[in-house]
Structures are given as structure tokens and as C-alpha cells.
Amino acid sequence: MNTQAQRLKKRHQISAAFKLFCLSVTCLAVAILGILILEVTLLGLPWLNFDFLTRFPSRFPEKAGILAGLAGTLWLVTLTAAIAIPIGVLAAVYLEEYAKPGRVSTFITINIANLAGVPSIVYGIIGLAIFVRFFGLDRSVLAGAMTMSLLILPVIIIASREAIKAVPSSLRQVAFALGATRWQVTRDHVLPQAMPGILTGVILALSRAIGETAPLIMIGALTYIAFVPEGPMDEFTALPIQIYNWTSRPQEAFHELASAGIIVLLLVLLIMNATAVWIRYRGSKNKFM
Amino acid sequence: MTQTSEVLLQANAVSIAYGDQLAVKTVTLPIYQHRITSIIGPSGCGKSTLLRSFNRMNDFIDQVTLTGEISFNDQNIYAPDADPVAVRLNIGMVFQKPNPFPKTIYDNVAWAPKINGLKDNMDDRVEQALKQAALWDEVKDRLHESALNLSGGQQQRLCIARALAMNPLVLLMDEPCSALDPVSTARIEDLLFELKEKLTIVIVTHNMQQAARVSDFTAFMENGILIEYGPTETLFTNPENQRTEEYVTGRFG
């Protein structure tokens, strides 16, 4: 008689236990992140001031600043975004809206998925061989940005395709039924609807680009730079490289400088993400979505 | 009344297949101008597939093949040089679920003229279309609010207005009332009577009473075959075919 009630109780217990398990895993992940940020902040915050942001690197920690890395990273991210976003989004539009499903399309899809898994150092080698040497771009920001674009293109394409795929087909149908061309349907309905998803993918990709070090070392951005790049053909260094450089020095003060550098890097990332959230919010308000 | 009209749209021996699965089998069906033709039949009988072939909406489904021809004003809309975009400007469509764009009421109606480069007198066009769809009085004070705030019945009438904005000659309706309550359904049915003065309507419906109420001609399909076609009154009161009689009297389907 009692078995039904007992079974039900047991099922509720299992359900509660699973909830607890998920909660603790989430807490663990957040706690580790929190400890990391706390430590970095404690170490680096005393060094973080206006001078730190406006000085170039130096042999003396009290005179060293992050300006070259910060400017290099901003150049790099801007150029990478300008190259990778149009190519990636348009490729996704082509694959989702225009390409006929078939062997060629499947082949491209599989290859893009594979490219997303290629270690970043390999992209550095490609960048060195093609952009730095073959195209003679040298160690310029442009060469770095093009290498980074290669690296993040698969991520942008895959995320944009998912976002485009999620646009209900009924929306396309009704637009076509009104006598629209595919371009008009894509421009007025598919892309606006897919924009939040595309933006999320773009931000994830750019966040990756901002933190990558290996391909930049490979193409020769690991140098002492005491100037701010003034054009896409100038040499540069980037925040993660500067941070890496400081952590590899023996003096304790440089390690603390590295922490301050990490804070700057995190802030740049935060500002980028906040911008994306803002754009998304503004977009959703205009479109009544 | 039902006989004195020109054939505007005509399916000639049309067969439609999904892959190697035949959904519509050699259907020949005339659509008379300024008349309402309804297509009835059980689920999966191919009525929606046939309807969608009238404005080439099946083009978007992979592996759909059509044989035979569909002529509109004596032009085969499946001819190699026929432009499906031009076809859809003349032959509009309203779908089963109300599906307004996530934009304002005004922008919903204005979109089709806009993409066609008709930008002058847009306010008049929008007003005209909304009046034709019997929606104007309800929305004239909130044209710039989101269309998604309208009720289901209003949304469906907005979809009709949107389809009317380009003044098509034919309106295809794919079970336009199946997601609506009886009051909204009645309003749309009233609307159909007014609309047929101006254009030609083909309506697919599950609801046999609806077909009997609104249409001048009815086609009954089963398993992709056009079983019987004729004036609605004849088909419902004195059908020639045994299956038609069983269906319209509710013995199956």
C-alpha cells in the first residue's frame, strides 16, 4: 500500500540531491574565479593608476606602464573585428540562406568545425608564413589582426549560423510570400532577428582574440615596444604579451605589475561585453522583440 | 452566379512530390475570378501542398518536384523564364498561424510596398489595406505600436492587410482561421465576402462548415487525388462521389 508514496518520496529526494549537486558545482566554478580575481586585485591594485596606463614598459618597475600593450590590444581588436565580423557573418549568411545543402556544403561545415579546434599556435605559424613573410606585412598590427581573424572566424561563423538557423522559417516564408527577394528577406528580417545571437558569438570570439598570446608570439609581437602604433603597418605588442613578459621576470614587483596588467585586460574585456549587451538591448527595444 | 466567371488560375495535371513521395497526383483544378474556392480534405491529403504551389512557395522546400503546369492569366508560372518573385506579387498568401513581423502595425503593412520601391503615399496605402482587412477602426490610433500586442484575430486580419497592400489579384489562405476563436473566425469569413469583389480567393480549410458557408466552389481531395470538384452547394448536398458524401457528412476525416 505504501510503495507508491515511498517511491514518490525517493524520486523527490533524488531530484533534490541533483539540484544540490548542480548548485555546488556552480558555486565551485564561481568561487575559483572569485579567488583568482581577488588575488589579482590585491596584488595589482596598488600599482594601478593613471601613470601606469600612460607609461611605456621600463626596466624599473616603478616607472613601467602598460600603454604600448593597451594601445596594441585596442588596435588589434578593432582591426580584427573589422576583418573577421563581416567575413564571418556573410559566410554564415551564405551557408544558411543561399548554399544548397549537399556534399560541398557538408564539406565546408565539417572543415569549419575542425578549424575551430586547431591550436592557436598553428594559426600563428600560418600568419607568419603567409601574412608576415609572403605578403610582406612584417610584424605589423595588420598581420596580427589578420592572423587573429583566421583564428576567430570559425567561432563567428558557427555562432552566426546557429543564430540565423534559430530565426523561425515562418518569418522567411511570409516575407517571401509578399514578393521579397532573398536579400530583402535577409536584410529586413533574418539578420535583425539573428543579431543578438550573432553579437554573442562575436563577443565570445573577440574575447578569445584579446586573450590569445601564442599566435602573436609566433608572428613576432614579443618585442620591447616603446611607442604606440599609429597605423596598421606599425609594430606592436599586446596586453597578454606584456603580462607574460612581466611574469617571466624574477623581481616580485614585476609580478605585481603583471597583476595590474591583468586587471586592465579584464576591464577592456568587461567594457567590450557591456557594449555588446547595450547594443543588444537597444536593438531589442527598437524591434519590439 | 457561380458559372459566369473567367478562369484566372488553373492547375493542369499537377503532380507534386517530396523526394519520391507523391503528395499531389495529377490534379486539374480551375480557379474562377472573383470567386472563393475552398479545398477540403483530411489531414495529409495534399491540399496545403497544392495551395502552396499556386504561388511557388514549395520552391523553398528541398527536393520538391512539380510536374504539369499552373497557369495564371494564361501564363505558366512554372515556365523556365517565370519569375517567382513577380508571381508572389500577384498571388498573395495568408498562413495558418497569425505571423505578423515583430514590428509596428504600420511597418507590417508598409513593408511589401517599401521593398517594391513604392514609397509615395505610404500612409494611404497602409490605411487602404487596413480598411480592406476591416482592421482600420481598431488600430488607427495605435499604428506605431507593436503588432504583437494585437489579439490573435486582429493579428490574422493584419496579415491579410499586409498581403493586400500590394493589391494582389489572388489571395491564397491556408487554414486562416484554425488558430482563432469562433468570433474572430466569423469576422474573417465576413471579410472574405467583401474581398471577393476585388480579388480571387482560394482557401484551404479543415472546417467543412466554413467551406460550405464561404465558398462558391469546393474541391475535395484525398490521398493527393482530387476526388470531386464543383459548385459548393452541389458538392455538399448532392455529391457524385461516395467518398465525398462520407466526408462531408462527417463519417470520416
# chains A, B, ... in the order shown; residues from 1 in each chain; ligands from 1

$ interface_residues --of "chain A" --to "chain B" --cutoff "9 Å" --atoms "only C-alpha atoms" --output "MDAnalysis selection string"
chainID A and resid 100:101 170:171 173:181 184 189 193 286:289

$ select_by_dssp --residues "segment 96-213 of chain A" --states "alpha helix (DSSP H)" --output "ChimeraX atom specification"
/A:103-116,120-127,141-165,169-177,182-185,191-211

$ residues_around --residues "segment 84-89 of chain A" --least-positions-apart "6" --cutoff "6 Å" --atoms "only C-alpha atoms" --output "JSON, numbers by chain"
{"A": [149, 153, 156, 157]}

$ atom_distance --atom1 "atom CA of Ile31 of chain B" --atom2 "atom CA of Ala134 of chain B"
25.0 Å

$ residues_around --residues "segment 141-143 of chain A" --least-positions-apart "3" --cutoff "9 Å" --atoms "only C-alpha atoms" --output "list in words"
Gly72, Trp75, Leu76, Leu79, Thr80, Gly127, Leu128, Phe131, Val132, Leu137, Asp138, Met146, Thr147, Met148, Ile219, Ala221, Pro229, Gly231, Pro232, Met233, Asp234, Glu235, Phe236 and Thr237 of chain A
